[in-house]
There are 2 protein chains.
Amino acid sequence: MLGRMQDWPLTVDRILDHAKTWHPRGEVVTRSIEGPIVRTTYADIHERAKRLSNALKALGVRKGDRVATLAWNTARHVEAWYGIMGIGAVCHTLNPRLFPEQLCYIIGHAEDKVLFTDLTFLPLVKAYRPKMTSVEHVVVMTDRETMKSVDFPGALCFEDLVEQHSPEVVWGGFSEETPCGLCYTSGTTGNPKGVLYSHRSNFLHTLISQSNDVMGLSSRDTVLAVVPMFHANAWGLAFSGPAVGARLIMPGAKLDGASVYELLESERVNFSAAVPTVWQGLLEHVRSVKGQFSTLKKVVIGGAAAPEALVRAFRDDYGVEVIHAWGMTEMSPMGTLATHTAETAKLSEEAQFALGLKQGRPPLLVEMKLVDDDGARLPHDGATYGRLLVKGPFIVDTYFKGDGGEVLDDEGFFDTGDVATIDEYGFMQITDRAKDVIKSGGEWISSIEIENLAVGHPKAALCAVIGAPHPKWSERPVLLVKLKEGLQATADEFIAFLEGKVAKWWMPDDVVFVDDIPLGPTGKIDKKLIRERMTGYELPTGKSVERV
Amino acid sequence: MLGRMQDWPLTVDRILDHAKTWHPRGEVVTRSIEGPIVRTTYADIHERAKRLSNALKALGVRKGDRVATLAWNTARHVEAWYGIMGIGAVCHTLNPRLFPEQLCYIIGHAEDKVLFTDLTFLPLVKAYRPKMTSVEHVVVMTDRETMKSVDFPGALCFEDLVEQHSPEVVWGGFSEETPCGLCYTSGTTGNPKGVLYSHRSNFLHTLISQSNDVMGLSSRDTVLAVVPMFHANAWGLAFSGPAVGARLIMPGAKLDGASVYELLESERVNFSAAVPTVWQGLLEHVRSVKGQFSTLKKVVIGGAAAPEALVRAFRDDYGVEVIHAWGMTEMSPMGTLATHTAETAKLSEEAQFALGLKQGRPPLLVEMKLVDDDGARLPHDGATYGRLLVKGPFIVDTYFKGDGGEVLDDEGFFDTGDVATIDEYGFMQITDRAKDVIKSGGEWISSIEIENLAVGHPKAALCAVIGAPHPKWSERPVLLVKLKEGLQATADEFIAFLEGKVAKWWMPDDVVFVDDIPLGPTGKIDKKLIRERMTGYELPTGKSVERV
């Protein structure tokens with residue numbers, strides 16, 4: 001016996017249908033790649049996306065085919081997104097920050113048939129076009145006037161496609177398990193692996209995003225979607241915005257502090273989401289022009305741990321609430337948010353602030369567990385470190401084409417590769433990547449925790465901590481410091497700075513000053529490269545220890 | 001090709017699992033049927049519900065079996081609810097306001113194997129026990145001490161069952177299409193029909209309820225669930241509360257103004273949901289004791305149209321926001337809510353207030369259309385009346401056991417039986433029941449609109465409008481008035497009161513004063529009974545018209 005409720009598959013085209021029907025004049029504002037601010041509505045986006053669907057069908061795109069986008073956040077990108085997904089094709093968002101060779105590998109691996117590109121990336125696409133053998137058509141996301149000056153034989157113009165095709169097309173009508181999105185993780189080992197989202201997974205992610213403990217948007221919000229659509233689906237904003245009819249501001253290519261600030265103010269934005277580096281650039285700019293935020297009330301910070309000083313500045317200097325969040329491409333991406341519970345809201349302001357610096361707690365639909373190396377569950381006591389595993393309907397089951405093999409444990413949990421604690425209030429804190437954690441004398445030392453403290457030194461621009469081989473302790477921490485330009489420092493200054501802030505046995509055995517701390521394509525410290533560069537390094541403390 | 005995301009069926013047991021894991025100390029407070037206030041937590045409820053699951057299994061309940069509850073909102077009812085649903089059985093909530101014969105019909109039709117009952121309904125259950133032939137066991141929802149004085153041979157004690165069974169039981173693990181809830185509509189024609197909810201439909205209803213444009217709860221809320229679990233699933237609160245870990249206050253049997261007010265204040269409630277009559281009783285009491293609301297911020301009013309005076313009083317006298325909502329048992333039940341959009345939030349305060357009196361707009365997952373008698377779509381202009389049809393994943397497909405036959409149109413929409421308008425902002429307004437609408441000279445007159453105006457007359461206690469046969473116009477409206485106790489009035493007073501408020505051709509042709517306006521089991525005016533009582537009535541205006 002089954003329930004007697006309607007069969008209504010969760011396909012994401014229904015999200016834009018809803019926006020068109022109930023929020024037809026809901027505005028989407030873009031800082032276009034061509035330059036001017038462009039205003040459109042959900043009704044227009046819906047019609048143009050449908051025209052694009054017909055264009056794609058005319059180009060031979062069928063259900064299940066992959067269509068790539070190499071594009072910033074713009075209304076055209078949203079149109080391509082829904083135009084692709086509506087007919088059951090797969091929107092493969094490419095991260096332009098990857099190396100060109102990686103991009104070509106990914107395009108080939110995904111067998112992308114059509115590639116949409118912004119003007120920004122034309123030189124790259126032209127140069128590597130011969131290597132993109134699966135790609136049958138390149139579509140330049142621009143208007144017909146600009147297209148005249150584009151020197152790319154055979155490339156199609158986005159606005160031509162929109163103009164030439166009818167908006168009469170059927171969206172949906174297929175299983176909600178149909179894939180609709182593809183995003184490759186910039187793995188630090190091996191080739192990037194693809195996460196193939198389904199309509200169902202993206203739709204459920206959209207629904208839980210509506211919760212006050214997640215994004216909590218309403219149609220009364222104006223949202224600046226700084227986090228790119230190629231960075232884990234813009235954390236779902238291209239779905240959750242239209243799902244409630246929120247006003248959506250798309251910043252295009254300009255993510256520097258001045259440009260972001262201008263949009264926040266001119267478009268009266270009250271909500272935004274981005275990685276810490278964008279917010280740091282923004283605050284630097286706002287300080288330099290002695291500005292204030294007229295309308296901004298809430299920002300979500302994720303993608304990397306939010307530095308305490310950044311959170312304090314938002315709160316104390318500008319009256320903006322910060323929600324710290326954590327997720328992964330493999331999680332669609334939202335995993336946890338540091339929103340307060342009934343219990344934590346009763347704590348002292350500083351205790352609440354400290355909890356807000358943790359990665360937070362999962363909403364319904366995200367299960368989490370901490371386990372030791374043998375897979376046994378660990379307590380939620382805020383002190384015990386363990387591997388963090390996750391489970392839920394928008395979490396990866398297997399990578400695209402089975403790359404990486406089985407990635408779930410016996411209970412169906414996915415290993416995030418992070419090491420974390422979970423406290424009595426359910427707040428999770430990432431303490432390290434499992435592969436970066438330093439195993440010293442059988443205990444774990446968090447490289448990230450030491451980095452975060454060390455970077456608070458006034459002379460530090462960037463800090464990284466890695467484990468160096470040690471004959472007695474197996475590994476011991478080494479602190480690498482890139483100083484701010486023109487400054488000088490000694491190792492002792494940094495050791496003294498850390499004293500009292502970390503346990504004695506966590507103290508780095510050495511401080512190495514470097515010109516450069518390499519960052520990966522998503523702005524995270526590239527420890528793999530650092531370890532390569534440090535090959536052959538020997539700890540001063542190790543030399544004096546008798547080898548066993 | 002399918003997406004590569006995890007298979008995680010949307011079964012409602014996961015909602016209570018989430019509450020137990022992430023909000024173990026989240027409180028559920030009950031005004032018990034025995035009298036005292038009882039405090040428990042989500043962790044306790046989870047454990048006790050699991051024990052009940054084992055008890056049900058021991059009583060022979062299997063997946064798909066129906067288990068009835070005849071119970072107020074209490075923690076025990078929540079435990080029974082999850083204990084039943086967790087093992088794939090169906091929780092059939094019985095509305096005690098139905099006539100005993102209807103209850104027995106429903107229990108037999110549903111083939112309920114076990115019946116949970118509150119002490120309140122023991123006399124009823126005892127009296128009609130012989131007619132409940134499908135019921136193998138009656139469970140009295142009380143403690144062991146109270147049970148000693150219960151004179152019901154063979155009846156089981158709830159706390160005995162909890163104590164005697166282990167909490168070790170597997171929940172879920174079945175398809176999300178598995179039924180989990182059953183609720184009969186109090187149809188005004190024919191026998192009541194059952195709506196068989198699935199785990200999926202209830203889960204999706206829970207997810208959309210998290211939206212700020214619907215319930216928008218967080219774990220920081222304290223929710224008084226006045227609307228009963230037997231009244232369209234307490235509008236989902238027994239799911240959406242634990243889904244976010246909100247503090248849940250269960251009022252038990254006492255829904256009078258004084259009792260509700262006491263709980264609102266003593267438990268520091270900030271959110272509640274109930275039908276207009278409860279709110280009217282509450283405000284009368286608060287006025288009489290010259291009280292205020294210390295913590296209440298928001299109330300959802302649904303189940304019947306909220307009178308303007310009620311909404312104004314909440315807003316102006318007590319600073320409480322009112323969200324007007326509309327739904328149906330067949331819709332799980334949420335259909336629309338009158339929350340403001342970016343556009344309507346810019347209107348004048350009074351224009352916003354007027355929109356807030358409409359039933360509102362649908363969230364994502366609810367599709368709506370207005371059609372004429374031929375099924376053609378009608379415009380959203382705020383003036384055109386049409387039949388209201390709805391579609392979505394928590395809307396009925398067919399009634400239980402196929403009663404009523406096919407109930408969807410060619411596009412898969414369910415006919416609500418309501419007549420409505422939808423305005424340019426997407427705000428829907430119910431203007432009548434399709435069967436109550438008065439068809440005069442080929443045009444439609446809303447009986448409800450005239451009733452709502454007429455009841456604003458200071459002498460009116462209740463008003464009803466029905467169509468009476470008319471030889472020329474087919475039907476003409478008649479206003480029935482029940483005066484407030486001890487007052488007298490003339491027909492002319494009411495006609496004069498309506499003049500200028502409704503179109504001339506909408507003016508009732510007659511005013512009839514009555515001792516009683518009958519209400520149905522859910523508090524709505526029983527027009528079927530009124531029409532029966534008015535059989536043989538002839539319009540004074542009809543008599544003078546020459547018959548054709």
# chains A, B, ... in the order shown; residues from 1 in each chain; ligands from 1
$ interface_residues --of "chain A" --to "chain B" --cutoff "6 Å" --atoms "only C-alpha atoms" --output "VMD selection string"
chain A and resid 2 to 6 8 22 177 to 179 196 to 198 207 210 to 212 218 to 220 341 to 342 392 to 398 426
$ write_last_selection --atoms "N, CA, C and O atoms" --output "short mmCIF file (atom, residue, chain, number, x, y, z; two decimals), in the first residue's frame"
data_model
loop_
_atom_site.label_atom_id
_atom_site.label_comp_id
_atom_site.auth_asym_id
_atom_site.auth_seq_id
_atom_site.Cartn_x
_atom_site.Cartn_y
_atom_site.Cartn_z
N LEU A 2 0.54 2.19 -0.85
CA LEU A 2 1.28 3.45 -0.93
C LEU A 2 0.36 4.59 -0.51
O LEU A 2 -0.86 4.47 -0.54
N GLY A 3 1.01 5.72 -0.12
CA GLY A 3 0.23 6.91 0.17
C GLY A 3 -0.52 7.35 -1.09
O GLY A 3 -0.17 6.95 -2.20
N ARG A 4 -1.55 8.17 -0.89
CA ARG A 4 -2.37 8.58 -2.02
C ARG A 4 -2.18 10.06 -2.32
O ARG A 4 -3.14 10.78 -2.55
N MET A 5 -0.91 10.48 -2.29
CA MET A 5 -0.63 11.88 -2.59
C MET A 5 -0.10 11.99 -4.02
O MET A 5 0.35 11.01 -4.61
N GLN A 6 -0.17 13.19 -4.57
CA GLN A 6 0.16 13.38 -5.98
C GLN A 6 1.63 13.07 -6.29
O GLN A 6 2.52 13.33 -5.48
N TRP A 8 4.58 14.25 -7.95
CA TRP A 8 5.04 15.60 -8.36
C TRP A 8 6.55 15.58 -8.22
O TRP A 8 7.09 15.92 -7.17
N TRP A 22 4.52 33.42 -9.55
CA TRP A 22 4.16 34.14 -8.31
C TRP A 22 5.03 35.35 -8.04
O TRP A 22 4.68 36.17 -7.18
N GLU A 177 15.37 11.72 -10.19
CA GLU A 177 16.73 11.20 -10.04
C GLU A 177 17.61 11.58 -11.24
O GLU A 177 18.81 11.31 -11.25
N THR A 178 17.00 12.19 -12.24
CA THR A 178 17.75 12.63 -13.43
C THR A 178 18.85 13.61 -13.01
O THR A 178 18.60 14.49 -12.20
N PRO A 179 20.06 13.45 -13.55
CA PRO A 179 21.11 14.40 -13.18
C PRO A 179 20.83 15.78 -13.76
O PRO A 179 20.23 15.90 -14.83
N LEU A 196 27.92 14.54 -9.45
CA LEU A 196 26.79 14.61 -10.37
C LEU A 196 25.50 14.78 -9.55
O LEU A 196 24.97 13.82 -9.00
N TYR A 197 25.03 16.03 -9.48
CA TYR A 197 23.82 16.32 -8.71
C TYR A 197 22.58 15.87 -9.47
O TYR A 197 22.53 15.97 -10.70
N SER A 198 21.57 15.45 -8.74
CA SER A 198 20.29 15.12 -9.37
C SER A 198 19.31 16.27 -9.15
O SER A 198 19.53 17.14 -8.30
N LEU A 207 15.06 23.32 -0.61
CA LEU A 207 14.03 23.36 0.43
C LEU A 207 14.64 23.59 1.81
O LEU A 207 14.16 24.42 2.57
N GLN A 210 15.69 27.08 2.78
CA GLN A 210 14.68 28.06 3.19
C GLN A 210 14.62 28.21 4.70
O GLN A 210 14.09 29.19 5.22
N SER A 211 15.14 27.21 5.41
CA SER A 211 15.06 27.24 6.87
C SER A 211 15.78 28.46 7.43
O SER A 211 16.82 28.88 6.93
N ASN A 212 15.21 29.00 8.51
CA ASN A 212 15.84 30.11 9.21
C ASN A 212 17.21 29.74 9.74
O ASN A 212 18.03 30.62 9.98
N SER A 218 13.47 35.20 2.06
CA SER A 218 12.07 35.44 1.71
C SER A 218 12.07 36.37 0.50
O SER A 218 13.12 36.88 0.10
N SER A 219 10.89 36.58 -0.05
CA SER A 219 10.81 37.44 -1.24
C SER A 219 11.14 38.88 -0.88
O SER A 219 11.37 39.70 -1.75
N ARG A 220 11.18 39.20 0.40
CA ARG A 220 11.50 40.56 0.82
C ARG A 220 13.00 40.81 0.89
O ARG A 220 13.43 41.94 1.14
N THR A 341 20.97 28.10 18.83
CA THR A 341 19.82 27.31 19.26
C THR A 341 19.21 28.00 20.47
O THR A 341 19.75 28.99 20.98
N ALA A 342 18.10 27.46 20.92
CA ALA A 342 17.48 27.98 22.14
C ALA A 342 18.50 28.00 23.28
O ALA A 342 18.58 28.96 24.04
N GLY A 392 23.21 12.01 3.68
CA GLY A 392 21.98 12.76 3.39
C GLY A 392 21.66 12.76 1.92
O GLY A 392 22.47 12.32 1.09
N PRO A 393 20.47 13.27 1.57
CA PRO A 393 19.98 13.15 0.18
C PRO A 393 20.66 14.10 -0.80
O PRO A 393 20.42 13.99 -2.00
N PHE A 394 21.47 15.05 -0.31
CA PHE A 394 22.22 15.87 -1.27
C PHE A 394 23.73 15.74 -1.03
O PHE A 394 24.49 16.67 -1.24
N ILE A 395 24.10 14.53 -0.60
CA ILE A 395 25.52 14.21 -0.41
C ILE A 395 25.89 13.11 -1.38
O ILE A 395 25.11 12.19 -1.64
N VAL A 396 27.10 13.21 -1.91
CA VAL A 396 27.55 12.32 -2.98
C VAL A 396 27.48 10.84 -2.57
O VAL A 396 27.75 10.50 -1.41
N ASP A 397 27.11 10.03 -3.52
CA ASP A 397 27.06 8.58 -3.32
C ASP A 397 28.30 7.95 -3.94
O ASP A 397 29.04 7.20 -3.29
N THR A 398 28.53 8.26 -5.22
CA THR A 398 29.79 7.90 -5.89
C THR A 398 30.14 9.06 -6.81
O THR A 398 29.25 9.79 -7.26
N GLY A 426 26.07 20.68 19.84
CA GLY A 426 25.95 20.22 18.47
C GLY A 426 26.76 21.05 17.49
O GLY A 426 26.65 20.85 16.28
#
$ residues_around --residues "Gly83 (chain A)" --least-positions-apart "2" --cutoff "6 Å" --atoms "only C-alpha atoms" --output "list in words"
Ala49, Lys50, Leu52, Ser53, Glu79, Ala80, Trp81, Met85 and Gly86 of chain A
$ residues_around --residues "Leu283 (chain A)" --least-positions-apart "4" --cutoff "12 Å" --atoms "only C-alpha atoms" --output "ChimeraX atom specification"
/A:256-261,276-279,287-293,309-315,317-318,320
$ closest_residue --among "B:Asn191, B:Ser294, B:Thr11, B:Asn452" --to "Glu265 (chain B)" --atoms "only C-alpha atoms"
B:Ser294
$ select_by_dssp --residues "region 505-536 of chain B" --states "strand (DSSP E)" --output "NGL selection string"
:B and (510-513)
$ residues_around --residues "Phe497 (chain A)" --least-positions-apart "2" --cutoff "10 Å" --atoms "only C-alpha atoms" --output "list in words"
Leu453, Ala454, Gly456, His457, Pro458, Ala491, Asp492, Glu493, Phe494, Ile495, Glu499, Gly500 and Lys501 of chain A
$ write_last_selection --atoms "N, CA and C atoms" --output "PDB file, in the first residue's frame"
ATOM      1  N   LEU A 453      46.058  30.885  14.763  1.00  0.00           N
ATOM      2  CA  LEU A 453      46.619  31.686  15.840  1.00  0.00           C
ATOM      3  C   LEU A 453      47.819  32.485  15.330  1.00  0.00           C
ATOM      4  N   ALA A 454      48.691  31.823  14.598  1.00  0.00           N
ATOM      5  CA  ALA A 454      49.934  32.460  14.155  1.00  0.00           C
ATOM      6  C   ALA A 454      49.667  33.641  13.233  1.00  0.00           C
ATOM      7  N   GLY A 456      47.493  35.684  13.439  1.00  0.00           N
ATOM      8  CA  GLY A 456      47.097  36.847  14.228  1.00  0.00           C
ATOM      9  C   GLY A 456      48.284  37.717  14.609  1.00  0.00           C
ATOM     10  N   HIS A 457      49.510  37.216  14.404  1.00  0.00           N
ATOM     11  CA  HIS A 457      50.700  38.027  14.678  1.00  0.00           C
ATOM     12  C   HIS A 457      50.715  39.221  13.736  1.00  0.00           C
ATOM     13  N   PRO A 458      50.934  40.399  14.265  1.00  0.00           N
ATOM     14  CA  PRO A 458      50.805  41.612  13.428  1.00  0.00           C
ATOM     15  C   PRO A 458      51.728  41.651  12.217  1.00  0.00           C
ATOM     16  N   ALA A 491      62.187  33.912  14.419  1.00  0.00           N
ATOM     17  CA  ALA A 491      61.414  32.744  14.821  1.00  0.00           C
ATOM     18  C   ALA A 491      60.924  32.909  16.261  1.00  0.00           C
ATOM     19  N   ASP A 492      61.805  33.443  17.130  1.00  0.00           N
ATOM     20  CA  ASP A 492      61.437  33.590  18.540  1.00  0.00           C
ATOM     21  C   ASP A 492      60.215  34.473  18.736  1.00  0.00           C
ATOM     22  N   GLU A 493      60.096  35.505  17.890  1.00  0.00           N
ATOM     23  CA  GLU A 493      58.931  36.378  18.015  1.00  0.00           C
ATOM     24  C   GLU A 493      57.648  35.578  17.853  1.00  0.00           C
ATOM     25  N   PHE A 494      57.667  34.643  16.876  1.00  0.00           N
ATOM     26  CA  PHE A 494      56.449  33.868  16.615  1.00  0.00           C
ATOM     27  C   PHE A 494      56.207  32.822  17.706  1.00  0.00           C
ATOM     28  N   ILE A 495      57.310  32.220  18.159  1.00  0.00           N
ATOM     29  CA  ILE A 495      57.173  31.234  19.232  1.00  0.00           C
ATOM     30  C   ILE A 495      56.624  31.925  20.483  1.00  0.00           C
ATOM     31  N   GLU A 499      53.051  31.231  22.609  1.00  0.00           N
ATOM     32  CA  GLU A 499      53.131  30.676  23.962  1.00  0.00           C
ATOM     33  C   GLU A 499      51.913  31.061  24.792  1.00  0.00           C
ATOM     34  N   GLY A 500      51.353  30.049  25.451  1.00  0.00           N
ATOM     35  CA  GLY A 500      50.145  30.295  26.253  1.00  0.00           C
ATOM     36  C   GLY A 500      48.876  30.176  25.436  1.00  0.00           C
ATOM     37  N   LYS A 501      49.010  30.208  24.109  1.00  0.00           N
ATOM     38  CA  LYS A 501      47.823  30.089  23.268  1.00  0.00           C
ATOM     39  C   LYS A 501      47.572  28.643  22.833  1.00  0.00           C
TER      40      LYS A 501
END
$ residues_around --residues "Lys484 (chain B)" --least-positions-apart "4" --cutoff "7 Å" --atoms "only C-alpha atoms" --output "ChimeraX atom specification"
/B:459-461
$ select_by_dssp --residues "region 320-510 of chain A" --states "alpha helix (DSSP H)" --output "PyMOL selection string"
chain A and resi 349-356+447-454+491-498
$ residues_around --residues "region 142-157 of chain A" --least-positions-apart "4" --cutoff "8 Å" --atoms "only C-alpha atoms" --output "list in words"
Glu34, Asp118, Leu119, Lys126, His137, Val138 and Leu161 of chain A
$ write_last_selection --atoms "N, CA and C atoms" --output "short mmCIF file (atom, residue, chain, number, x, y, z; two decimals), in the first residue's frame"
data_model
loop_
_atom_site.label_atom_id
_atom_site.label_comp_id
_atom_site.auth_asym_id
_atom_site.auth_seq_id
_atom_site.Cartn_x
_atom_site.Cartn_y
_atom_site.Cartn_z
N GLU A 34 29.95 42.99 -20.04
CA GLU A 34 30.17 44.10 -20.96
C GLU A 34 30.33 45.42 -20.20
N ASP A 118 31.89 33.17 -20.84
CA ASP A 118 31.86 34.62 -20.74
C ASP A 118 32.99 35.20 -21.58
N LEU A 119 32.88 36.48 -21.92
CA LEU A 119 33.91 37.17 -22.69
C LEU A 119 35.27 37.07 -21.99
N LYS A 126 39.84 30.03 -26.63
CA LYS A 126 40.44 30.00 -27.97
C LYS A 126 41.75 29.22 -27.98
N HIS A 137 30.06 22.85 -29.84
CA HIS A 137 29.70 24.26 -30.03
C HIS A 137 30.17 25.08 -28.84
N VAL A 138 30.68 26.27 -29.17
CA VAL A 138 31.01 27.25 -28.13
C VAL A 138 30.02 28.41 -28.24
N LEU A 161 20.97 32.96 -30.11
CA LEU A 161 20.24 31.73 -29.77
C LEU A 161 18.90 32.06 -29.12
#
$ residues_around --residues "Ser32 (chain A)" --least-positions-apart "6" --cutoff "12 Å" --atoms "only C-alpha atoms" --output "PyMOL selection string"
chain A and resi 38-40+71-77+118-120+141-143+249-254
